[in-house]
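Enquirer: Below is the file target-v3.txt, with compact mmCIF, C-alpha atoms.
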# COMPACT_ATOMS: atom_id res chain seq x y z
CA MET A 1 14.27 -4.77 2.47
CA MET A 2 17.19 -2.35 2.37
CA LYS A 3 17.12 -2.75 -1.39
CA LEU A 4 13.48 -1.75 -1.25
CA ALA A 5 14.35 1.28 0.84
CA SER A 6 17.07 2.23 -1.60
CA LEU A 7 14.84 1.95 -4.61
CA VAL A 8 12.02 3.89 -3.07
CA LEU A 9 14.54 6.46 -1.96
CA ALA A 10 15.56 6.85 -5.59
CA LEU A 11 12.03 8.05 -6.22
CA THR A 12 12.64 11.02 -3.99
CA ALA A 13 14.50 12.96 -6.62
CA ALA A 14 11.99 12.26 -9.34
CA THR A 15 8.48 13.58 -9.14
CA VAL A 16 6.33 10.52 -9.40
CA ALA A 17 3.16 11.13 -11.32
CA LEU A 18 -0.03 9.85 -9.81
CA PRO A 19 -1.85 7.13 -11.71
CA ALA A 20 -4.22 9.62 -13.27
CA HIS A 21 -6.24 7.01 -15.09
CA ALA A 22 -6.80 4.86 -12.08
CA GLN A 23 -10.39 3.82 -12.10
CA PHE A 24 -12.59 2.13 -9.59
CA ALA A 25 -15.67 0.04 -10.17
CA LYS A 26 -17.67 2.08 -7.68
CA PRO A 27 -17.19 4.99 -5.25
CA GLU A 28 -17.04 2.55 -2.32
CA ASP A 29 -13.93 0.99 -3.80
CA ALA A 30 -12.26 4.36 -4.29
CA ILE A 31 -13.03 5.36 -0.69
CA LYS A 32 -11.76 2.05 0.68
CA TYR A 33 -8.68 2.37 -1.53
CA ARG A 34 -7.64 5.76 -0.23
CA GLN A 35 -8.38 4.70 3.35
CA SER A 36 -6.34 1.53 2.90
CA ALA A 37 -3.35 3.34 1.43
CA LEU A 38 -3.48 5.98 4.16
CA PHE A 39 -3.68 3.28 6.85
CA VAL A 40 -0.65 1.46 5.46
CA MET A 41 1.18 4.78 5.37
CA GLN A 42 0.15 5.80 8.87
CA GLN A 43 1.16 2.50 10.41
CA ASN A 44 4.63 2.71 8.92
CA PHE A 45 5.07 6.41 9.68
CA SER A 46 3.92 5.92 13.26
CA ARG A 47 6.56 3.26 13.78
CA VAL A 48 9.25 5.72 12.78
CA ALA A 49 7.69 8.57 14.73
CA ALA A 50 7.62 6.42 17.87
CA MET A 51 11.36 5.88 17.55
CA ALA A 52 11.93 9.59 17.03
CA ALA A 53 9.91 10.33 20.16
CA GLY A 54 11.80 7.79 22.23
CA LYS A 55 8.65 5.72 22.66
CA ALA A 56 10.16 2.76 20.84
CA PRO A 57 13.75 1.50 20.66
CA PHE A 58 15.60 2.86 17.64
CA ASP A 59 16.25 0.25 14.98
CA ALA A 60 17.84 1.85 11.93
CA LYS A 61 16.82 -0.91 9.53
CA VAL A 62 13.21 -1.00 10.66
CA ALA A 63 13.07 2.78 10.50
CA ALA A 64 14.45 2.86 6.96
CA ASP A 65 12.19 0.06 5.78
CA SER A 66 9.10 1.55 7.38
CA ALA A 67 9.80 5.03 6.04
CA ALA A 68 10.31 3.60 2.55
CA VAL A 69 6.96 1.84 2.66
CA ALA A 70 5.31 4.99 4.03
CA GLU A 71 6.82 6.97 1.19
CA PHE A 72 5.52 4.56 -1.41
CA ALA A 73 2.08 4.45 0.20
CA SER A 74 1.97 8.26 0.36
CA LYS A 75 1.69 8.33 -3.44
CA LEU A 76 -1.37 6.11 -3.66
CA PRO A 77 -4.40 7.59 -1.84
CA TRP A 78 -5.01 10.45 -4.27
CA ALA A 79 -6.29 8.22 -7.05
CA GLY A 80 -9.17 7.44 -4.71
CA PHE A 81 -10.35 11.05 -4.39
CA GLY A 82 -11.92 11.32 -7.84
CA ASP A 83 -15.15 13.15 -8.50
CA GLY A 84 -18.18 11.37 -7.09
CA THR A 85 -16.26 9.70 -4.30
CA ASP A 86 -17.50 12.03 -1.56
CA LYS A 87 -19.94 9.33 -0.50
CA GLY A 88 -20.65 5.63 -1.00
CA HIS A 89 -18.84 4.32 2.07
CA ASP A 90 -18.07 5.57 5.56
CA THR A 91 -15.77 8.53 5.09
CA ARG A 92 -14.62 11.58 7.01
CA ALA A 93 -13.72 13.42 3.83
CA LYS A 94 -15.12 16.95 3.74
CA ALA A 95 -16.85 18.32 0.64
CA GLU A 96 -14.12 20.97 0.44
CA ILE A 97 -11.79 18.34 -1.01
CA TRP A 98 -13.72 18.59 -4.25
CA THR A 99 -14.61 22.29 -4.10
CA ASP A 100 -11.07 23.45 -3.30
CA LYS A 101 -8.99 20.94 -5.19
CA ALA A 102 -5.99 23.22 -5.61
CA LYS A 103 -5.61 23.59 -1.86
CA PHE A 104 -6.17 19.88 -1.23
CA ASN A 105 -3.71 18.84 -3.91
CA GLY A 106 -1.17 21.29 -2.55
CA TYR A 107 -1.44 19.74 0.89
CA ALA A 108 -1.20 16.28 -0.62
CA ASP A 109 1.95 17.23 -2.51
CA LYS A 110 3.45 18.78 0.61
CA MET A 111 2.90 15.62 2.63
CA GLN A 112 4.45 13.43 -0.06
CA SER A 113 7.44 15.74 -0.22
CA GLU A 114 7.96 15.66 3.53
CA MET A 115 7.52 11.89 3.62
CA SER A 116 10.17 11.53 0.94
CA LYS A 117 12.52 13.63 3.05
CA LEU A 118 11.82 11.41 6.03
CA SER A 119 12.58 8.33 3.99
CA ALA A 120 15.86 9.88 2.87
CA ALA A 121 16.66 10.80 6.46
CA ALA A 122 15.88 7.28 7.68
CA LYS A 123 18.17 5.87 5.02
CA THR A 124 21.12 7.69 6.61
CA GLY A 125 20.69 5.60 9.74
CA SER A 126 20.87 8.69 11.92
CA LEU A 127 18.22 9.06 14.59
CA ASP A 128 18.90 12.80 14.72
CA ASN A 129 18.18 13.09 11.02
CA ILE A 130 14.96 11.15 11.51
CA LYS A 131 13.93 13.34 14.44
CA ALA A 132 14.38 16.44 12.29
CA ALA A 133 12.26 15.03 9.47
CA VAL A 134 9.38 13.52 11.46
CA GLY A 135 7.91 16.82 12.64
CA PRO A 136 7.28 18.28 9.18
CA VAL A 137 5.53 15.07 8.13
CA GLY A 138 3.28 15.16 11.16
CA SER A 139 2.52 18.82 10.54
CA SER A 140 1.63 18.14 6.93
CA CYS A 141 -0.79 15.42 8.03
CA LYS A 142 -2.41 17.66 10.63
CA THR A 143 -2.72 20.67 8.31
CA CYS A 144 -4.65 18.62 5.79
CA HIS A 145 -6.77 16.81 8.35
CA ASP A 146 -7.72 20.08 10.04
CA ALA A 147 -8.92 21.50 6.74
CA PHE A 148 -10.35 18.49 4.95
CA ARG A 149 -11.25 15.75 7.44
CA LYS A 150 -14.32 15.70 9.64
CA ASP A 151 -13.77 15.23 13.37
CA MET B 1 4.68 6.68 -12.84
CA MET B 2 6.72 4.77 -15.41
CA LYS B 3 9.75 5.49 -13.28
CA LEU B 4 7.88 3.93 -10.41
CA ALA B 5 7.06 0.92 -12.51
CA SER B 6 10.68 0.60 -13.54
CA LEU B 7 11.96 0.80 -10.02
CA VAL B 8 9.48 -1.68 -8.67
CA LEU B 9 10.29 -3.92 -11.58
CA ALA B 10 13.90 -3.84 -10.51
CA LEU B 11 12.77 -5.49 -7.31
CA THR B 12 11.64 -8.50 -9.28
CA ALA B 13 15.11 -9.92 -9.59
CA ALA B 14 15.98 -9.41 -5.94
CA THR B 15 14.17 -11.26 -3.23
CA VAL B 16 12.79 -8.56 -1.04
CA ALA B 17 12.78 -9.49 2.58
CA LEU B 18 9.65 -8.84 4.53
CA PRO B 19 9.85 -6.28 7.32
CA ALA B 20 10.30 -8.99 9.91
CA HIS B 21 10.31 -6.63 12.84
CA ALA B 22 7.16 -4.85 11.84
CA GLN B 23 5.16 -4.34 14.95
CA PHE B 24 1.64 -3.21 15.56
CA ALA B 25 0.17 -1.57 18.62
CA LYS B 26 -2.65 -4.10 18.76
CA PRO B 27 -3.97 -7.08 16.81
CA GLU B 28 -6.71 -4.92 15.29
CA ASP B 29 -4.07 -2.77 13.62
CA ALA B 30 -2.27 -5.81 12.21
CA ILE B 31 -5.52 -7.19 10.80
CA LYS B 32 -6.49 -3.86 9.27
CA TYR B 33 -2.97 -3.53 7.89
CA ARG B 34 -2.99 -6.82 6.02
CA GLN B 35 -6.53 -6.18 4.77
CA SER B 36 -5.55 -2.71 3.58
CA ALA B 37 -2.46 -3.93 1.75
CA LEU B 38 -4.42 -6.76 0.14
CA PHE B 39 -7.17 -4.36 -0.92
CA VAL B 40 -4.68 -2.00 -2.55
CA MET B 41 -3.13 -4.98 -4.29
CA GLN B 42 -6.45 -6.43 -5.42
CA GLN B 43 -7.70 -3.16 -6.84
CA ASN B 44 -4.58 -2.72 -8.94
CA PHE B 45 -4.41 -6.35 -10.01
CA SER B 46 -8.10 -6.35 -10.98
CA ARG B 47 -7.53 -3.36 -13.24
CA VAL B 48 -4.89 -5.31 -15.14
CA ALA B 49 -6.92 -8.51 -15.13
CA ALA B 50 -9.91 -6.66 -16.61
CA MET B 51 -7.74 -5.54 -19.52
CA ALA B 52 -6.46 -9.06 -20.01
CA ALA B 53 -10.02 -10.36 -20.10
CA GLY B 54 -11.12 -7.75 -22.60
CA LYS B 55 -13.46 -6.22 -20.03
CA ALA B 56 -11.59 -2.91 -20.06
CA PRO B 57 -9.71 -1.13 -22.84
CA PHE B 58 -6.02 -1.92 -22.86
CA ASP B 59 -3.85 0.97 -21.74
CA ALA B 60 -0.22 -0.12 -21.54
CA LYS B 61 0.83 2.64 -19.14
CA VAL B 62 -2.05 2.10 -16.74
CA ALA B 63 -1.41 -1.64 -16.85
CA ALA B 64 2.28 -1.22 -16.08
CA ASP B 65 1.66 1.30 -13.31
CA SER B 66 -1.10 -0.77 -11.73
CA ALA B 67 0.90 -3.98 -11.88
CA ALA B 68 3.87 -2.21 -10.28
CA VAL B 69 1.75 -1.00 -7.39
CA ALA B 70 0.20 -4.46 -7.04
CA GLU B 71 3.68 -5.94 -6.91
CA PHE B 72 4.79 -3.55 -4.21
CA ALA B 73 1.60 -4.10 -2.21
CA SER B 74 2.00 -7.88 -2.52
CA LYS B 75 5.02 -7.68 -0.22
CA LEU B 76 3.24 -5.94 2.64
CA PRO B 77 0.36 -8.00 4.04
CA TRP B 78 2.48 -10.70 5.64
CA ALA B 79 3.77 -8.48 8.41
CA GLY B 80 0.17 -8.34 9.61
CA PHE B 81 -0.16 -12.08 10.13
CA GLY B 82 1.92 -12.30 13.29
CA ASP B 83 1.05 -14.54 16.20
CA GLY B 84 -2.00 -13.35 18.10
CA THR B 85 -3.57 -11.66 15.10
CA ASP B 86 -6.15 -14.36 14.47
CA LYS B 87 -8.74 -12.17 16.15
CA GLY B 88 -9.26 -8.59 17.32
CA HIS B 89 -11.07 -7.28 14.24
CA ASP B 90 -13.37 -8.68 11.58
CA THR B 91 -11.32 -11.21 9.69
CA ARG B 92 -11.86 -14.19 7.43
CA ALA B 93 -8.45 -15.61 8.27
CA LYS B 94 -8.59 -19.29 9.19
CA ALA B 95 -6.71 -20.66 12.20
CA GLU B 96 -4.70 -22.84 9.82
CA ILE B 97 -2.64 -19.77 8.87
CA TRP B 98 -0.94 -20.06 12.24
CA THR B 99 -0.98 -23.84 12.58
CA ASP B 100 0.40 -24.52 9.11
CA LYS B 101 2.71 -21.57 8.61
CA ALA B 102 4.99 -23.34 6.14
CA LYS B 103 2.13 -23.95 3.74
CA PHE B 104 0.75 -20.44 4.19
CA ASN B 105 4.13 -18.82 3.67
CA GLY B 106 4.70 -20.97 0.61
CA TYR B 107 1.46 -19.75 -0.91
CA ALA B 108 2.33 -16.17 0.00
CA ASP B 109 5.71 -16.49 -1.67
CA LYS B 110 4.14 -18.05 -4.76
CA MET B 111 1.69 -15.18 -5.12
CA GLN B 112 4.43 -12.57 -4.79
CA SER B 113 6.50 -14.38 -7.38
CA GLU B 114 3.63 -14.53 -9.86
CA MET B 115 2.76 -10.89 -9.22
CA SER B 116 6.35 -9.91 -9.95
CA LYS B 117 6.15 -11.81 -13.23
CA LEU B 118 2.95 -9.97 -14.08
CA SER B 119 4.60 -6.64 -13.35
CA ALA B 120 7.49 -7.58 -15.60
CA ALA B 121 5.06 -8.66 -18.30
CA ALA B 122 3.11 -5.42 -18.03
CA LYS B 123 6.32 -3.47 -18.35
CA THR B 124 6.84 -4.94 -21.83
CA GLY B 125 3.68 -3.21 -23.01
CA SER B 126 2.43 -6.40 -24.62
CA LEU B 127 -1.15 -7.40 -23.89
CA ASP B 128 -0.33 -10.97 -24.85
CA ASN B 129 2.42 -11.08 -22.23
CA ILE B 130 0.00 -9.69 -19.66
CA LYS B 131 -2.64 -12.24 -20.58
CA ALA B 132 -0.16 -15.05 -20.04
CA ALA B 133 0.86 -13.74 -16.62
CA VAL B 134 -2.55 -12.85 -15.18
CA GLY B 135 -3.81 -16.42 -14.87
CA PRO B 136 -1.05 -17.69 -12.57
CA VAL B 137 -1.58 -14.69 -10.27
CA GLY B 138 -5.29 -15.37 -10.07
CA SER B 139 -4.63 -19.03 -9.40
CA SER B 140 -2.18 -18.20 -6.62
CA CYS B 141 -4.80 -15.98 -4.97
CA LYS B 142 -7.47 -18.65 -5.23
CA THR B 143 -5.27 -21.46 -3.96
CA CYS B 144 -4.47 -19.53 -0.81
CA HIS B 145 -8.02 -18.28 -0.27
CA ASP B 146 -9.44 -21.77 -0.67
CA ALA B 147 -7.11 -23.09 2.01
CA PHE B 148 -6.84 -20.19 4.43
CA ARG B 149 -9.80 -17.85 4.05
CA LYS B 150 -13.26 -18.43 5.41
CA ASP B 151 -16.17 -18.19 2.95
Starting from the file, lay out its structure as structure tokens.

Expert:
Amino acid sequence: MMKLASLVLALTAATVALPAHAQFAKPEDAIKYRQSALFVMQQNFSRVAAMAAGKAPFDAKVAADSAAVAEFASKLPWAGFGDGTDKGHDTRAKAEIWTDKAKFNGYADKMQSEMSKLSAAAKTGSLDNIKAAVGPVGSSCKTCHDAFRKD
Amino acid sequence: MMKLASLVLALTAATVALPAHAQFAKPEDAIKYRQSALFVMQQNFSRVAAMAAGKAPFDAKVAADSAAVAEFASKLPWAGFGDGTDKGHDTRAKAEIWTDKAKFNGYADKMQSEMSKLSAAAKTGSLDNIKAAVGPVGSSCKTCHDAFRKD
């Protein structure tokens, strides 16, 4: 799994293009897809954040592995926000996602960037480095949720 | 995204260890995690399978990208099948997953292996290579579902 972390870390430097042509059979699938990717990301990020907050014992390998998976997952949800996917399945997505795409995409890019930094920090094995990188990720999540997710 | 495909492809040769220490706050999270990872995998695999079956136009880049994501996702669900995760959320998982772990893990390994071969095939850009690799993936899914998933 360290190899996995290393390889995903290598993605940090390169800007990874989103799968622009990703297509879904129906809006429900797109909505479930973005929710699934975000859930996988959140579960892995939360594991690292818990270590940073002293709520879980620090395990450098688990932190690096989890951050690497979170980084990979952070690149996936956006394919599921195509036009016409504002409904078709339970979703808390606000209409503003599609009426203010530039802002939404900017927030999405920011989160991916911060998550990549966290993955790089976790790879160093230093809990201090992880602590410094967790906050910006959490802020990037909250900023987007406050603007684009229903309560 | 081709960089992503290349990097994930590099994982093919190495056996990537599962995040053995992955922990979830509650069984519901573990169940949702494995379902989410499998959904992300299935959506990407289906896109490639549709091209192989002539049901979607062949796009070599989309096929390679999708297969790479499917390969990555194929490594994630297993962390969500820990002891005590047979219930706690809607699930079609059969009890045999936990009473016949060797068989289940063997099927899981087989699927990951076939998915890695598909990703490698898709990376070649040859539809014929993809066609040859899709069937074994589908069979590995079905074999496991027939044994371990409720109808």

Enquirer: How would chain B read as an mmCIF file with C-alpha atoms, keeping the file's coordinate frame after a least-squares superposition onto chain A over every Cα atom, matched in order?

Expert:
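Output saved as selection.cif:
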data_model
loop_
_atom_site.group_PDB
_atom_site.id
_atom_site.type_symbol
_atom_site.label_atom_id
_atom_site.label_comp_id
_atom_site.auth_asym_id
_atom_site.auth_seq_id
_atom_site.Cartn_x
_atom_site.Cartn_y
_atom_site.Cartn_z
ATOM 1 C CA MET B 1 14.225 -4.801 2.518
ATOM 2 C CA MET B 2 17.160 -2.397 2.377
ATOM 3 C CA LYS B 3 17.098 -2.819 -1.372
ATOM 4 C CA LEU B 4 13.476 -1.805 -1.246
ATOM 5 C CA ALA B 5 14.336 1.208 0.835
ATOM 6 C CA SER B 6 17.065 2.160 -1.597
ATOM 7 C CA LEU B 7 14.837 1.868 -4.600
ATOM 8 C CA VAL B 8 12.019 3.821 -3.060
ATOM 9 C CA LEU B 9 14.536 6.390 -1.962
ATOM 10 C CA ALA B 10 15.568 6.774 -5.563
ATOM 11 C CA LEU B 11 12.049 7.963 -6.227
ATOM 12 C CA THR B 12 12.637 10.917 -3.959
ATOM 13 C CA ALA B 13 14.518 12.871 -6.566
ATOM 14 C CA ALA B 14 12.011 12.201 -9.324
ATOM 15 C CA THR B 15 8.510 13.523 -9.136
ATOM 16 C CA VAL B 16 6.362 10.473 -9.404
ATOM 17 C CA ALA B 17 3.195 11.089 -11.291
ATOM 18 C CA LEU B 18 0.008 9.810 -9.797
ATOM 19 C CA PRO B 19 -1.825 7.089 -11.699
ATOM 20 C CA ALA B 20 -4.159 9.613 -13.259
ATOM 21 C CA HIS B 21 -6.240 7.049 -15.062
ATOM 22 C CA ALA B 22 -6.804 4.898 -12.038
ATOM 23 C CA GLN B 23 -10.381 3.834 -12.107
ATOM 24 C CA PHE B 24 -12.584 2.134 -9.598
ATOM 25 C CA ALA B 25 -15.666 0.042 -10.176
ATOM 26 C CA LYS B 26 -17.662 2.092 -7.689
ATOM 27 C CA PRO B 27 -17.187 4.986 -5.275
ATOM 28 C CA GLU B 28 -17.043 2.566 -2.342
ATOM 29 C CA ASP B 29 -13.924 0.989 -3.814
ATOM 30 C CA ALA B 30 -12.256 4.374 -4.293
ATOM 31 C CA ILE B 31 -13.011 5.353 -0.698
ATOM 32 C CA LYS B 32 -11.742 2.052 0.667
ATOM 33 C CA TYR B 33 -8.676 2.378 -1.545
ATOM 34 C CA ARG B 34 -7.626 5.769 -0.234
ATOM 35 C CA GLN B 35 -8.362 4.702 3.347
ATOM 36 C CA SER B 36 -6.322 1.532 2.888
ATOM 37 C CA ALA B 37 -3.343 3.356 1.410
ATOM 38 C CA LEU B 38 -3.469 5.977 4.159
ATOM 39 C CA PHE B 39 -3.677 3.281 6.830
ATOM 40 C CA VAL B 40 -0.639 1.471 5.444
ATOM 41 C CA MET B 41 1.182 4.786 5.349
ATOM 42 C CA GLN B 42 0.145 5.800 8.855
ATOM 43 C CA GLN B 43 1.164 2.506 10.399
ATOM 44 C CA ASN B 44 4.636 2.722 8.904
ATOM 45 C CA PHE B 45 5.068 6.411 9.649
ATOM 46 C CA SER B 46 3.922 5.928 13.256
ATOM 47 C CA ARG B 47 6.564 3.257 13.762
ATOM 48 C CA VAL B 48 9.251 5.737 12.758
ATOM 49 C CA ALA B 49 7.681 8.578 14.714
ATOM 50 C CA ALA B 50 7.613 6.421 17.860
ATOM 51 C CA MET B 51 11.361 5.889 17.542
ATOM 52 C CA ALA B 52 11.913 9.592 17.036
ATOM 53 C CA ALA B 53 9.904 10.336 20.164
ATOM 54 C CA GLY B 54 11.804 7.804 22.226
ATOM 55 C CA LYS B 55 8.652 5.728 22.649
ATOM 56 C CA ALA B 56 10.171 2.756 20.828
ATOM 57 C CA PRO B 57 13.757 1.519 20.627
ATOM 58 C CA PHE B 58 15.609 2.862 17.625
ATOM 59 C CA ASP B 59 16.263 0.255 14.963
ATOM 60 C CA ALA B 60 17.854 1.866 11.917
ATOM 61 C CA LYS B 61 16.828 -0.890 9.502
ATOM 62 C CA VAL B 62 13.217 -0.996 10.641
ATOM 63 C CA ALA B 63 13.080 2.794 10.480
ATOM 64 C CA ALA B 64 14.456 2.880 6.947
ATOM 65 C CA ASP B 65 12.200 0.075 5.744
ATOM 66 C CA SER B 66 9.104 1.563 7.358
ATOM 67 C CA ALA B 67 9.802 5.042 6.040
ATOM 68 C CA ALA B 68 10.309 3.620 2.542
ATOM 69 C CA VAL B 69 6.959 1.866 2.634
ATOM 70 C CA ALA B 70 5.320 5.008 4.026
ATOM 71 C CA GLU B 71 6.830 6.986 1.176
ATOM 72 C CA PHE B 72 5.529 4.579 -1.422
ATOM 73 C CA ALA B 73 2.086 4.469 0.195
ATOM 74 C CA SER B 74 1.982 8.279 0.347
ATOM 75 C CA LYS B 75 1.694 8.353 -3.443
ATOM 76 C CA LEU B 76 -1.371 6.132 -3.662
ATOM 77 C CA PRO B 77 -4.378 7.606 -1.850
ATOM 78 C CA TRP B 78 -5.000 10.456 -4.265
ATOM 79 C CA ALA B 79 -6.290 8.238 -7.037
ATOM 80 C CA GLY B 80 -9.178 7.452 -4.699
ATOM 81 C CA PHE B 81 -10.355 11.042 -4.395
ATOM 82 C CA GLY B 82 -11.923 11.316 -7.834
ATOM 83 C CA ASP B 83 -15.152 13.149 -8.507
ATOM 84 C CA GLY B 84 -18.172 11.355 -7.098
ATOM 85 C CA THR B 85 -16.245 9.699 -4.294
ATOM 86 C CA ASP B 86 -17.496 12.016 -1.573
ATOM 87 C CA LYS B 87 -19.938 9.325 -0.511
ATOM 88 C CA GLY B 88 -20.645 5.624 -1.014
ATOM 89 C CA HIS B 89 -18.836 4.311 2.065
ATOM 90 C CA ASP B 90 -18.048 5.559 5.551
ATOM 91 C CA THR B 91 -15.769 8.519 5.082
ATOM 92 C CA ARG B 92 -14.622 11.558 7.014
ATOM 93 C CA ALA B 93 -13.732 13.407 3.830
ATOM 94 C CA LYS B 94 -15.133 16.934 3.753
ATOM 95 C CA ALA B 95 -16.856 18.322 0.659
ATOM 96 C CA GLU B 96 -14.137 20.972 0.461
ATOM 97 C CA ILE B 97 -11.786 18.341 -0.996
ATOM 98 C CA TRP B 98 -13.741 18.608 -4.227
ATOM 99 C CA THR B 99 -14.620 22.297 -4.063
ATOM 100 C CA ASP B 100 -11.097 23.463 -3.266
ATOM 101 C CA LYS B 101 -9.008 20.952 -5.167
ATOM 102 C CA ALA B 102 -6.008 23.246 -5.575
ATOM 103 C CA LYS B 103 -5.614 23.609 -1.830
ATOM 104 C CA PHE B 104 -6.187 19.904 -1.217
ATOM 105 C CA ASN B 105 -3.716 18.867 -3.889
ATOM 106 C CA GLY B 106 -1.187 21.324 -2.517
ATOM 107 C CA TYR B 107 -1.451 19.753 0.912
ATOM 108 C CA ALA B 108 -1.205 16.285 -0.609
ATOM 109 C CA ASP B 109 1.931 17.254 -2.491
ATOM 110 C CA LYS B 110 3.440 18.806 0.633
ATOM 111 C CA MET B 111 2.878 15.635 2.633
ATOM 112 C CA GLN B 112 4.451 13.455 -0.051
ATOM 113 C CA SER B 113 7.434 15.767 -0.215
ATOM 114 C CA GLU B 114 7.960 15.682 3.544
ATOM 115 C CA MET B 115 7.518 11.911 3.616
ATOM 116 C CA SER B 116 10.178 11.554 0.937
ATOM 117 C CA LYS B 117 12.520 13.665 3.051
ATOM 118 C CA LEU B 118 11.813 11.435 6.030
ATOM 119 C CA SER B 119 12.584 8.347 3.977
ATOM 120 C CA ALA B 120 15.850 9.899 2.871
ATOM 121 C CA ALA B 121 16.651 10.815 6.460
ATOM 122 C CA ALA B 122 15.885 7.304 7.669
ATOM 123 C CA LYS B 123 18.149 5.900 5.002
ATOM 124 C CA THR B 124 21.105 7.714 6.588
ATOM 125 C CA GLY B 125 20.678 5.625 9.723
ATOM 126 C CA SER B 126 20.874 8.709 11.910
ATOM 127 C CA LEU B 127 18.216 9.087 14.582
ATOM 128 C CA ASP B 128 18.909 12.807 14.720
ATOM 129 C CA ASN B 129 18.164 13.119 11.007
ATOM 130 C CA ILE B 130 14.948 11.169 11.509
ATOM 131 C CA LYS B 131 13.929 13.353 14.426
ATOM 132 C CA ALA B 132 14.366 16.455 12.298
ATOM 133 C CA ALA B 133 12.252 15.038 9.473
ATOM 134 C CA VAL B 134 9.379 13.523 11.458
ATOM 135 C CA GLY B 135 7.910 16.821 12.639
ATOM 136 C CA PRO B 136 7.261 18.303 9.189
ATOM 137 C CA VAL B 137 5.517 15.078 8.127
ATOM 138 C CA GLY B 138 3.281 15.165 11.170
ATOM 139 C CA SER B 139 2.515 18.815 10.560
ATOM 140 C CA SER B 140 1.620 18.142 6.932
ATOM 141 C CA CYS B 141 -0.807 15.420 8.032
ATOM 142 C CA LYS B 142 -2.411 17.664 10.625
ATOM 143 C CA THR B 143 -2.732 20.662 8.332
ATOM 144 C CA CYS B 144 -4.643 18.624 5.786
ATOM 145 C CA HIS B 145 -6.785 16.806 8.349
ATOM 146 C CA ASP B 146 -7.734 20.060 10.044
ATOM 147 C CA ALA B 147 -8.936 21.494 6.749
ATOM 148 C CA PHE B 148 -10.371 18.480 4.963
ATOM 149 C CA ARG B 149 -11.267 15.755 7.443
ATOM 150 C CA LYS B 150 -14.323 15.686 9.637
ATOM 151 C CA ASP B 151 -13.776 15.209 13.385
#

Enquirer: Please provide the set of residues having any atom within 8 Å of stretch 122-129 of chain B, restricted to all atoms listed in the file, with same-chain residues fewer than 2 positions apart removed, written as a ChimeraX atom specification.

Expert: /B:5-6,9,52,58,60-61,63-64,67,118-120,131-133

Enquirer: Measuring atom to atom with all atoms listed in the file, identify which of A:Lys32, A:Lys94, A:Lys26, A:His145 is nearest to chain B.

Expert: A:Lys32

Enquirer: May I have the residues within 10 Å of B:Lys87 as a list in words, using all atoms listed in the file and disregarding those fewer than 4 positions away in the same chain?

Expert: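 Selected residues are Pro27, Glu28, Ala30, Ile31, Thr91, Arg92, Ala93, Lys94 and Ala95 of chain B.
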
Enquirer: Can you list, as a short mmCIF file (atom, residue, chain, number, x, y, z; two decimals) with C-alpha atoms, in the coordinates of the input, every protein, DNA or RNA residue that comes within 12 Å of A:Lys55 when you count all atoms listed in the file, leaving out same-chain residues fewer than 6 positions away?

Expert:
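Heads up, here's the output in around21.cif:
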data_model
loop_
_atom_site.label_atom_id
_atom_site.label_comp_id
_atom_site.auth_asym_id
_atom_site.auth_seq_id
_atom_site.Cartn_x
_atom_site.Cartn_y
_atom_site.Cartn_z
CA SER A 46 3.92 5.92 13.26
CA ARG A 47 6.56 3.26 13.78
CA VAL A 48 9.25 5.72 12.78
CA ALA A 49 7.69 8.57 14.73
CA ALA B 25 0.17 -1.57 18.62
#

Enquirer: So which residues touch A:Asp109 within 12 Å, counting all atoms listed in the file, skipping near sequence neighbours fewer than 2 positions away, as a ChimeraX atom specification?

Expert: /A:15-18,71,74-78,101-107,111-116,137,140-141,144

Enquirer: Which residue is closest to chain B? Choose from A:Thr99, A:Asp65, A:Ala56, A:Gly138 and count all atoms listed in the file.

Expert: A:Asp65

Enquirer: Considering all atoms listed in the file, can you say which of A:Lys110, A:Arg34, A:Lys117, A:Lys150 comes closest to A:Ile130?

Expert: A:Lys117

Enquirer: What lies within 9 Å of B:Val40 using all atoms listed in the file, ignoring chain neighbours under 2 positions off, as a list in words?

Expert: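 Surrounding residues, per the criterion: Lys32, Tyr33, Arg34, Ser36, Ala37 and Leu76 of chain A; Gln35, Ser36, Ala37, Leu38, Gln42, Gln43, Asn44, Phe45, Val69, Ala70, Ala73 and Ser74 of chain B.
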
Enquirer: Using atom CA of A:Gly84 and atom CA of A:Phe39 as the two end points, give the distance in Å to one decimal.

Expert: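 Computed distance, atom CA of A:Gly84 to atom CA of A:Phe39, equals 21.7 Å.
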